[in-house]
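What's in target32.txt: compact mmCIF, C-alpha atoms
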```
# COMPACT_ATOMS: atom_id res chain seq x y z
CA MET A 171 305.33 -51.23 -5.96
CA SER A 172 307.48 -50.31 -8.98
CA ARG A 173 310.30 -47.97 -9.79
CA ALA A 174 309.89 -45.45 -12.64
CA PRO A 175 310.64 -43.17 -14.42
CA GLU A 176 314.11 -41.65 -14.70
CA ARG A 177 315.48 -39.32 -17.35
CA VAL A 178 318.57 -40.44 -19.29
CA PRO A 179 320.49 -38.96 -22.23
CA ARG A 180 318.87 -39.40 -25.64
CA GLN A 181 321.43 -41.80 -26.98
CA ALA A 182 321.00 -44.15 -23.98
CA THR A 183 317.27 -44.47 -24.41
CA ALA A 184 315.35 -47.08 -26.35
CA PRO A 185 313.76 -45.78 -29.60
CA THR A 186 310.30 -46.54 -28.31
CA SER A 187 310.56 -44.19 -25.28
CA PRO A 188 308.32 -41.12 -25.42
CA SER A 189 310.04 -37.73 -25.88
CA SER A 190 309.80 -34.82 -23.43
CA PRO A 191 309.63 -31.03 -24.00
CA SER A 192 313.02 -30.58 -22.34
CA GLY A 193 314.86 -32.41 -25.12
CA ARG A 194 315.42 -35.53 -23.05
CA LEU A 195 313.65 -38.86 -23.22
CA VAL A 196 311.99 -40.69 -20.39
CA GLN A 197 313.07 -44.27 -19.80
CA MET A 198 310.39 -46.28 -18.05
CA LEU A 199 311.61 -49.16 -15.93
CA SER A 200 308.04 -50.42 -15.82
CA GLU A 201 305.09 -49.79 -18.10
CA MET A 202 303.42 -46.39 -18.10
CA PRO A 203 300.42 -46.35 -15.71
CA ASP A 204 296.99 -46.09 -17.22
CA THR A 205 295.41 -42.68 -16.72
CA ASN A 206 292.13 -44.41 -15.92
CA ASP A 207 293.69 -46.47 -13.14
CA ARG A 208 291.57 -45.68 -10.07
CA ASN A 209 292.90 -48.60 -8.05
CA HIS A 210 296.38 -47.26 -7.40
CA VAL A 211 298.10 -44.07 -6.32
CA TYR A 212 301.72 -43.23 -7.10
CA LEU A 213 304.27 -41.81 -4.72
CA GLY A 214 307.25 -40.04 -6.26
CA VAL A 215 310.59 -39.71 -4.45
CA HIS A 216 312.76 -36.98 -5.92
CA VAL A 217 316.37 -37.99 -6.66
CA ARG A 218 317.95 -35.15 -8.63
CA GLY A 219 317.35 -32.37 -11.10
CA PRO A 220 314.64 -29.69 -11.30
CA VAL A 221 311.12 -31.00 -10.65
CA THR A 222 308.27 -28.60 -9.92
CA VAL A 223 304.94 -29.55 -8.34
CA VAL A 224 301.94 -27.39 -9.24
CA HIS A 225 299.31 -27.65 -6.51
CA GLU A 226 296.39 -25.24 -6.12
CA ARG A 227 298.20 -22.65 -8.27
CA ALA A 228 301.27 -22.81 -6.02
CA ARG A 229 304.55 -23.99 -7.50
CA THR A 230 307.01 -25.89 -5.30
CA LEU A 231 310.47 -26.89 -6.46
CA LEU A 232 311.28 -30.30 -5.04
CA GLU A 233 314.54 -30.96 -3.26
CA PRO A 234 316.33 -34.34 -3.21
CA ASN A 235 314.44 -36.90 -1.07
CA ASP A 236 311.18 -34.90 -1.18
CA LEU A 237 308.00 -36.89 -1.82
CA VAL A 238 304.71 -36.27 -3.56
CA PHE A 239 301.60 -38.42 -4.07
CA CYS A 240 300.53 -38.48 -7.72
CA ASP A 241 297.55 -39.49 -9.80
CA PRO A 242 298.27 -40.81 -13.35
CA ALA A 243 295.29 -38.79 -14.58
CA ARG A 244 296.97 -35.57 -13.40
CA ARG A 245 300.50 -35.94 -14.71
CA HIS A 246 300.54 -32.28 -15.75
CA LEU A 247 300.90 -31.31 -12.09
CA LEU A 248 304.53 -32.45 -12.25
CA ARG A 249 306.91 -30.35 -14.37
CA PHE A 250 310.25 -32.04 -15.19
CA GLY A 251 313.40 -30.13 -16.11
CA GLU A 252 316.72 -31.23 -17.61
CA ASP A 253 318.54 -34.27 -16.26
CA CYS A 254 316.02 -35.04 -13.52
CA GLN A 255 315.29 -38.36 -11.88
CA MET A 256 312.44 -39.55 -9.67
CA ILE A 257 311.48 -42.94 -8.28
CA PHE A 258 307.76 -43.76 -8.38
CA PHE A 259 306.04 -46.37 -6.23
CA ARG A 260 302.63 -47.74 -7.17
CA VAL A 261 300.46 -48.33 -4.09
CA PRO A 262 296.94 -49.82 -4.00
CA ARG A 263 294.61 -47.13 -2.76
CA CYS A 264 292.69 -49.54 -0.54
CA TYR A 265 295.85 -50.28 1.49
CA LEU A 266 296.18 -46.71 2.74
CA GLY A 267 293.10 -46.91 4.97
CA VAL A 268 291.51 -43.60 3.95
CA THR A 269 288.53 -42.63 1.81
CA GLU A 270 288.81 -41.53 -1.81
CA SER A 271 287.99 -37.93 -0.89
CA GLU A 272 290.65 -37.92 1.83
CA LEU A 273 293.23 -39.35 -0.53
CA ASP A 274 292.41 -36.70 -3.11
CA GLN A 275 293.30 -34.07 -0.51
CA VAL A 276 296.93 -35.21 -0.35
CA LEU A 277 297.49 -35.71 -4.09
CA GLY A 278 299.98 -33.14 -5.33
CA VAL A 279 300.96 -32.00 -1.83
CA PRO A 280 304.79 -31.83 -1.58
CA VAL A 281 306.31 -33.52 1.47
CA ARG A 282 309.76 -32.53 2.64
CA GLY A 283 312.04 -35.55 2.89
CA GLY A 284 314.39 -34.02 5.41
CA GLU A 285 312.19 -33.98 8.48
CA GLY A 286 309.60 -35.97 10.41
CA ILE A 287 307.73 -38.89 8.91
CA GLY A 288 308.66 -37.61 5.44
CA ALA A 289 312.35 -38.27 6.11
CA LEU A 290 311.59 -41.73 7.48
CA ALA A 291 309.47 -42.66 4.45
CA SER A 292 311.94 -41.21 1.95
CA ASP A 293 314.95 -43.03 3.40
CA PHE A 294 313.09 -46.35 3.62
CA LEU A 295 311.68 -46.18 0.09
CA THR A 296 314.98 -45.10 -1.43
CA ALA A 297 316.75 -48.03 0.21
CA LEU A 298 313.97 -50.38 -0.88
CA ALA A 299 314.22 -49.27 -4.51
CA ALA A 300 318.00 -49.63 -4.53
CA ARG A 301 317.93 -53.31 -3.56
CA ALA A 302 316.68 -55.17 -6.61
CA GLU A 303 316.91 -58.52 -4.83
CA PHE A 304 314.11 -57.45 -2.46
CA ARG A 305 311.55 -57.22 -5.23
CA ARG A 306 311.01 -60.94 -5.73
CA CYS A 307 311.51 -62.53 -2.33
CA THR A 308 309.72 -63.00 0.98
CA ILE A 309 311.69 -60.29 2.78
CA GLY A 310 310.94 -57.97 -0.12
CA ASP A 311 307.21 -58.58 0.33
CA ARG A 312 307.49 -57.83 4.02
CA ARG A 313 309.39 -54.63 3.37
CA ALA A 314 306.81 -53.62 0.80
CA ARG A 315 304.06 -54.10 3.39
CA THR A 316 306.10 -52.05 5.85
CA ALA A 317 306.40 -49.33 3.23
CA VAL A 318 302.64 -49.32 2.71
CA HIS A 319 302.02 -49.00 6.46
CA LEU A 320 304.53 -46.16 6.58
CA LEU A 321 302.79 -44.38 3.72
CA SER A 322 299.40 -44.80 5.40
CA VAL A 323 300.83 -43.01 8.45
CA LEU A 324 302.18 -40.28 6.18
CA VAL A 325 298.76 -39.81 4.57
CA VAL A 326 297.06 -39.49 7.96
CA GLU A 327 299.66 -36.95 9.08
CA LEU A 328 299.11 -34.88 5.93
CA LEU A 329 295.35 -34.92 6.51
CA GLU A 330 295.75 -33.85 10.13
CA ALA A 331 298.13 -31.06 9.14
CA ASP A 332 295.64 -29.88 6.52
CA THR A 333 292.85 -29.89 9.11
CA THR A 334 295.03 -27.93 11.54
CA ASP A 335 295.95 -25.38 8.89
CA ALA A 336 292.32 -24.94 7.93
CA ALA A 337 291.35 -24.51 11.58
CA ASP A 338 294.12 -21.95 12.06
CA ALA A 339 292.97 -20.05 9.00
CA ARG A 340 289.39 -20.03 10.25
CA TYR A 341 290.57 -18.92 13.68
CA ALA A 342 292.59 -16.05 12.20
CA ALA A 343 289.69 -15.00 9.98
CA GLY A 344 287.33 -15.13 12.97
CA ASN A 345 289.67 -12.97 15.05
CA GLU A 346 289.94 -10.43 12.27
CA MET A 347 286.18 -10.29 11.90
CA LEU A 348 285.72 -9.98 15.67
CA SER A 349 288.15 -7.05 15.78
CA ARG A 350 286.15 -5.26 13.09
CA ILE A 351 282.94 -5.93 14.98
CA HIS A 352 284.42 -4.55 18.23
CA ALA A 353 285.42 -1.36 16.37
CA HIS A 354 281.92 -1.12 14.90
CA ILE A 355 280.36 -1.45 18.34
CA GLU A 356 282.62 1.30 19.76
CA GLU A 357 281.64 3.58 16.91
CA HIS A 358 277.89 3.00 17.41
CA LEU A 359 277.85 2.56 21.17
CA MET A 360 275.50 5.52 21.67
CA ASP A 361 273.07 4.25 19.05
CA PRO A 362 269.96 2.90 20.83
CA ASP A 363 269.25 0.70 17.79
CA LEU A 364 272.56 -1.14 18.13
CA SER A 365 271.67 -4.83 18.27
CA PRO A 366 272.95 -8.24 17.16
CA GLU A 367 270.77 -7.96 14.06
CA SER A 368 272.15 -4.54 13.06
CA ILE A 369 275.74 -5.63 13.75
CA ALA A 370 275.36 -8.83 11.70
CA ARG A 371 273.73 -6.91 8.87
CA ALA A 372 276.54 -4.33 8.80
CA HIS A 373 279.14 -7.12 8.41
CA HIS A 374 277.14 -9.28 5.98
CA ILE A 375 277.07 -12.28 8.31
CA SER A 376 274.31 -14.19 10.04
CA VAL A 377 273.30 -13.50 13.63
CA ARG A 378 274.13 -17.12 14.41
CA TYR A 379 277.71 -16.72 13.16
CA LEU A 380 278.00 -13.43 15.05
CA GLN A 381 276.93 -15.13 18.27
CA LYS A 382 279.41 -17.96 17.62
CA LEU A 383 282.28 -15.47 17.27
CA PHE A 384 281.49 -13.96 20.66
CA GLN A 385 280.85 -17.37 22.21
CA ASN A 386 284.35 -18.48 21.18
CA ASP A 387 285.62 -15.35 22.92
CA GLY A 388 283.74 -16.26 26.12
CA SER A 389 280.94 -13.72 25.85
CA THR A 390 277.78 -12.78 23.96
CA VAL A 391 277.03 -9.80 21.76
CA SER A 392 274.58 -8.29 24.23
CA GLN A 393 276.96 -8.77 27.15
CA TRP A 394 279.79 -7.08 25.28
CA VAL A 395 277.65 -4.09 24.24
CA ARG A 396 276.23 -3.69 27.74
CA GLN A 397 279.67 -3.89 29.37
CA ARG A 398 281.18 -1.33 27.02
CA ARG A 399 278.26 1.04 27.60
CA LEU A 400 278.58 0.68 31.38
CA GLU A 401 282.32 1.32 31.27
CA SER A 402 281.73 4.43 29.18
CA CYS A 403 279.07 5.66 31.61
CA ARG A 404 281.28 5.05 34.63
CA PHE A 405 284.15 6.94 33.03
CA GLU A 406 281.94 9.89 32.11
CA LEU A 407 280.32 10.03 35.56
CA GLY A 408 283.70 9.93 37.27
CA ARG A 409 285.33 12.74 35.29
CA SER A 410 282.38 15.10 35.10
CA THR A 411 282.48 18.13 37.42
CA ARG A 412 278.75 18.69 37.14
CA ARG A 413 275.82 16.53 38.04
CA ILE A 414 274.32 14.55 35.18
CA THR A 415 270.77 13.28 35.37
CA MET A 416 270.34 9.56 35.06
CA ALA A 417 267.76 10.11 32.35
CA ALA A 418 270.29 12.02 30.23
CA MET A 419 272.97 9.40 30.85
CA ALA A 420 270.65 6.52 29.95
CA HIS A 421 269.48 8.24 26.78
CA ARG A 422 273.01 9.14 25.69
CA TRP A 423 274.38 5.62 25.99
CA GLY A 424 271.52 3.68 24.51
CA PHE A 425 269.76 2.33 27.63
CA SER A 426 266.02 1.85 27.35
CA SER A 427 265.18 3.84 30.53
CA PRO A 428 266.82 5.50 33.58
CA SER A 429 265.58 2.72 35.86
CA HIS A 430 267.03 0.05 33.60
CA PHE A 431 270.31 1.93 33.48
CA SER A 432 270.46 2.23 37.28
CA ARG A 433 269.68 -1.44 37.86
CA THR A 434 272.26 -2.57 35.33
CA PHE A 435 274.91 -0.21 36.75
CA ARG A 436 274.30 -1.37 40.33
CA GLY A 437 274.42 -5.00 39.27
CA ALA A 438 277.80 -4.46 37.64
CA TYR A 439 279.50 -2.19 40.20
CA GLY A 440 277.60 -2.68 43.46
CA MET A 441 276.36 0.93 43.71
CA SER A 442 274.01 3.25 41.88
CA PRO A 443 275.26 5.68 39.22
CA THR A 444 274.54 8.58 41.57
CA GLU A 445 276.57 7.01 44.38
CA TRP A 446 279.43 6.32 42.04
CA GLN A 447 279.44 9.89 40.75
CA ALA A 448 279.45 11.31 44.28
CA LEU A 449 282.26 8.99 45.34
CA ALA A 450 284.37 9.63 42.26
CA THR A 451 284.02 13.40 42.27
CA SER A 452 284.65 13.68 46.05
CA ALA A 453 287.90 11.74 45.71
CA PHE A 454 289.29 14.42 43.43
CA ALA A 455 287.59 17.43 45.06
CA PRO A 456 290.06 20.02 46.55
CA THR A 457 290.28 20.17 50.36
CA THR A 458 289.99 23.41 52.42
CA ASP A 459 293.76 23.57 52.80
CA ASP A 460 294.22 23.10 49.08
CA THR A 461 291.78 25.96 48.44
CA GLN A 462 293.65 28.27 50.79
CA ASP A 463 296.99 27.39 49.26
```
Once you've parsed the file, please lay out its structure as structure tokens.
Amino acid sequence: MSRAPERVPRQATAPTSPSSPSGRLVQMLSEMPDTNDRNHVYLGVHVRGPVTVVHERARTLLEPNDLVFCDPARRHLLRFGEDCQMIFFRVPRCYLGVTESELDQVLGVPVRGGEGIGALASDFLTALAARAEFRRCTIGDRRARTAVHLLSVLVVELLEADTTDAADARYAAGNEMLSRIHAHIEEHLMDPDLSPESIARAHHISVRYLQKLFQNDGSTVSQWVRQRRLESCRFELGRSTRRITMAAMAHRWGFSSPSHFSRTFRGAYGMSPTEWQALATSAFAPTTDDTQD
């Protein structure tokens, strides 16, 4: 693990140091890492000055003690301003206990150094870098191993947070899609051709994904459509002041036949549509005294 780089005034820098666009020079306390180095990953700890991380088109301005995993081949993802300083630690990739693809997921992801495992790692690494005597002694080796273990925990936490965020995003997208599908069903509830296939086609998704959306909501497409049709029928039968034939009701709300409608209604509410209509209308029918009044 090595410490580098930090920006210093031009006059304090060796003539061989490479120049930077900001008018300052970079002083390397160890040699510049090879851009083809695939055996190590670098962790930067921000000390001072403006440093911006560009990750997936998002720009994040680092605060003191913030951390970021870096790849020498992608140095352009770090933008340094005037009078800035960072400490970089070189860590063997194999020590972090994750796959190459998993490690690539955390490269360039800013980690706040003021909370959680990020604060613990930042404080430990800053203290480790400040004690030069620890770099060439037994206790220094032990602290370096402790730092590597700490960073491996940080990597795992970043991966878990990324997985959680992705799951939350998928959940939100699924809920939004399900709401649109519910509205579509309400709009076409009287259509006898309403089916999982027609619903999936209207929303440019597969029937399998459609069924999965409803399964996550504790139902199926057919159950939802049938329940909404039955609720609509029950409401209409209860408020109507005239008798409606079961054939007309079944046809209006997309049931295949009057007998199928009656069986489904009885199974859901424990009485036939006719019995429900008689009960509902009698409950609101005026009495003899009401008529006289």
What does the distance from CA of Asp387 (chain A) to CA of Gly440 (chain A) come to in Å, to one decimal?
-> 25.4 Å
Do you know which residues are at most 8 Å from Leu348 (chain A) counting all atoms listed in the file, after dropping those on the same chain fewer than 3 positions away, and could you put them as a ChimeraX atom specification?
-> /A:344-345,351-352,383-384
Determine the nearest neighbour of Val326 (chain A) from the options A:Val281, A:Leu273, A:Ile369, A:Val211, counting all atoms listed in the file.
->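 With all atoms listed in the file as the atom set, the closest residue is A:Leu273.
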Between A:Val279, A:Met441, A:Ile257, A:Leu266, which one has atoms that come closest to His225 (chain A), using all atoms listed in the file?
->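 The closest residue to His225 (chain A) is A:Val279.
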State, in Å with one decimal place, the distance from CA of Glu272 (chain A) to CA of Phe258 (chain A).
-> 20.8 Å
Just give me the gap between CA of Val215 (chain A) and CA of Met256 (chain A) in Å, one decimal is fine.
->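 One can read the CA of Val215 (chain A) to CA of Met256 (chain A) distance as 5.5 Å.
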Close residues, Thr230 (chain A) itself excluded, 9 Å, only C-alpha atoms, min 4 positions apart in chain, as a count of residues only = 6
Selected residue, from A:Val325, A:Asp293, A:Gly251, A:Leu277, that lies nearest to Asp236 (chain A) when counting all atoms listed in the file =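 Once distances to Asp236 (chain A) are computed over all atoms listed in the file, the minimum belongs to A:Asp293.
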Identify, on the basis of all atoms listed in the file, every residue whose closest approach to region 360-368 of chain A does not exceed 12 Å; exclude the query and any residue fewer than 5 positions from it along the same chain; express the result as a PyMOL selection string.
-> chain A and resi 351+354-355+373-384+390-396+398-400+402-403+418-427
Show me, as a compact mmCIF listing (two decimals) with C-alpha atoms, keeping the file's coordinate frame, the residues that have an atom within 12 Å of region 284-290 of chain A when counting all atoms listed in the file, minus same-chain residues fewer than 6 positions from it.
```
# COMPACT_ATOMS: atom_id res chain seq x y z
CA LEU A 213 304.27 -41.81 -4.72
CA VAL A 215 310.59 -39.71 -4.45
CA HIS A 216 312.76 -36.98 -5.92
CA LEU A 232 311.28 -30.30 -5.04
CA GLU A 233 314.54 -30.96 -3.26
CA PRO A 234 316.33 -34.34 -3.21
CA ASN A 235 314.44 -36.90 -1.07
CA ASP A 236 311.18 -34.90 -1.18
CA LEU A 237 308.00 -36.89 -1.82
CA VAL A 238 304.71 -36.27 -3.56
CA PHE A 239 301.60 -38.42 -4.07
CA THR A 296 314.98 -45.10 -1.43
CA ALA A 297 316.75 -48.03 0.21
CA THR A 316 306.10 -52.05 5.85
CA ALA A 317 306.40 -49.33 3.23
CA HIS A 319 302.02 -49.00 6.46
CA LEU A 320 304.53 -46.16 6.58
CA LEU A 321 302.79 -44.38 3.72
CA SER A 322 299.40 -44.80 5.40
CA VAL A 323 300.83 -43.01 8.45
CA LEU A 324 302.18 -40.28 6.18
CA VAL A 325 298.76 -39.81 4.57
CA VAL A 326 297.06 -39.49 7.96
CA GLU A 327 299.66 -36.95 9.08
CA LEU A 328 299.11 -34.88 5.93
```
Expected axis-aligned box over every listed atom of region 212-218 of chain A, 4 Å added per side, centre plus edges in Å to one decimal, as lines of an AutoDock Vina configuration file:
```
center_x = 309.8
center_y = -39.2
center_z = -6.5
size_x = 24.2
size_y = 16.1
size_z = 12.2
```
So which residues touch region 263-265 of chain A within 7 Å, counting only C-alpha atoms, skipping near sequence neighbours fewer than 4 positions away, as a list in words?
-> Asn209, His210, Val211 and Val318 of chain A
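Distance annotation: of A:Val276, A:Cys254, A:Ala370, A:Ala314, the residue with the minimal separation from Ala291 (chain A) is A:Ala314; atom set is all atoms listed in the file.
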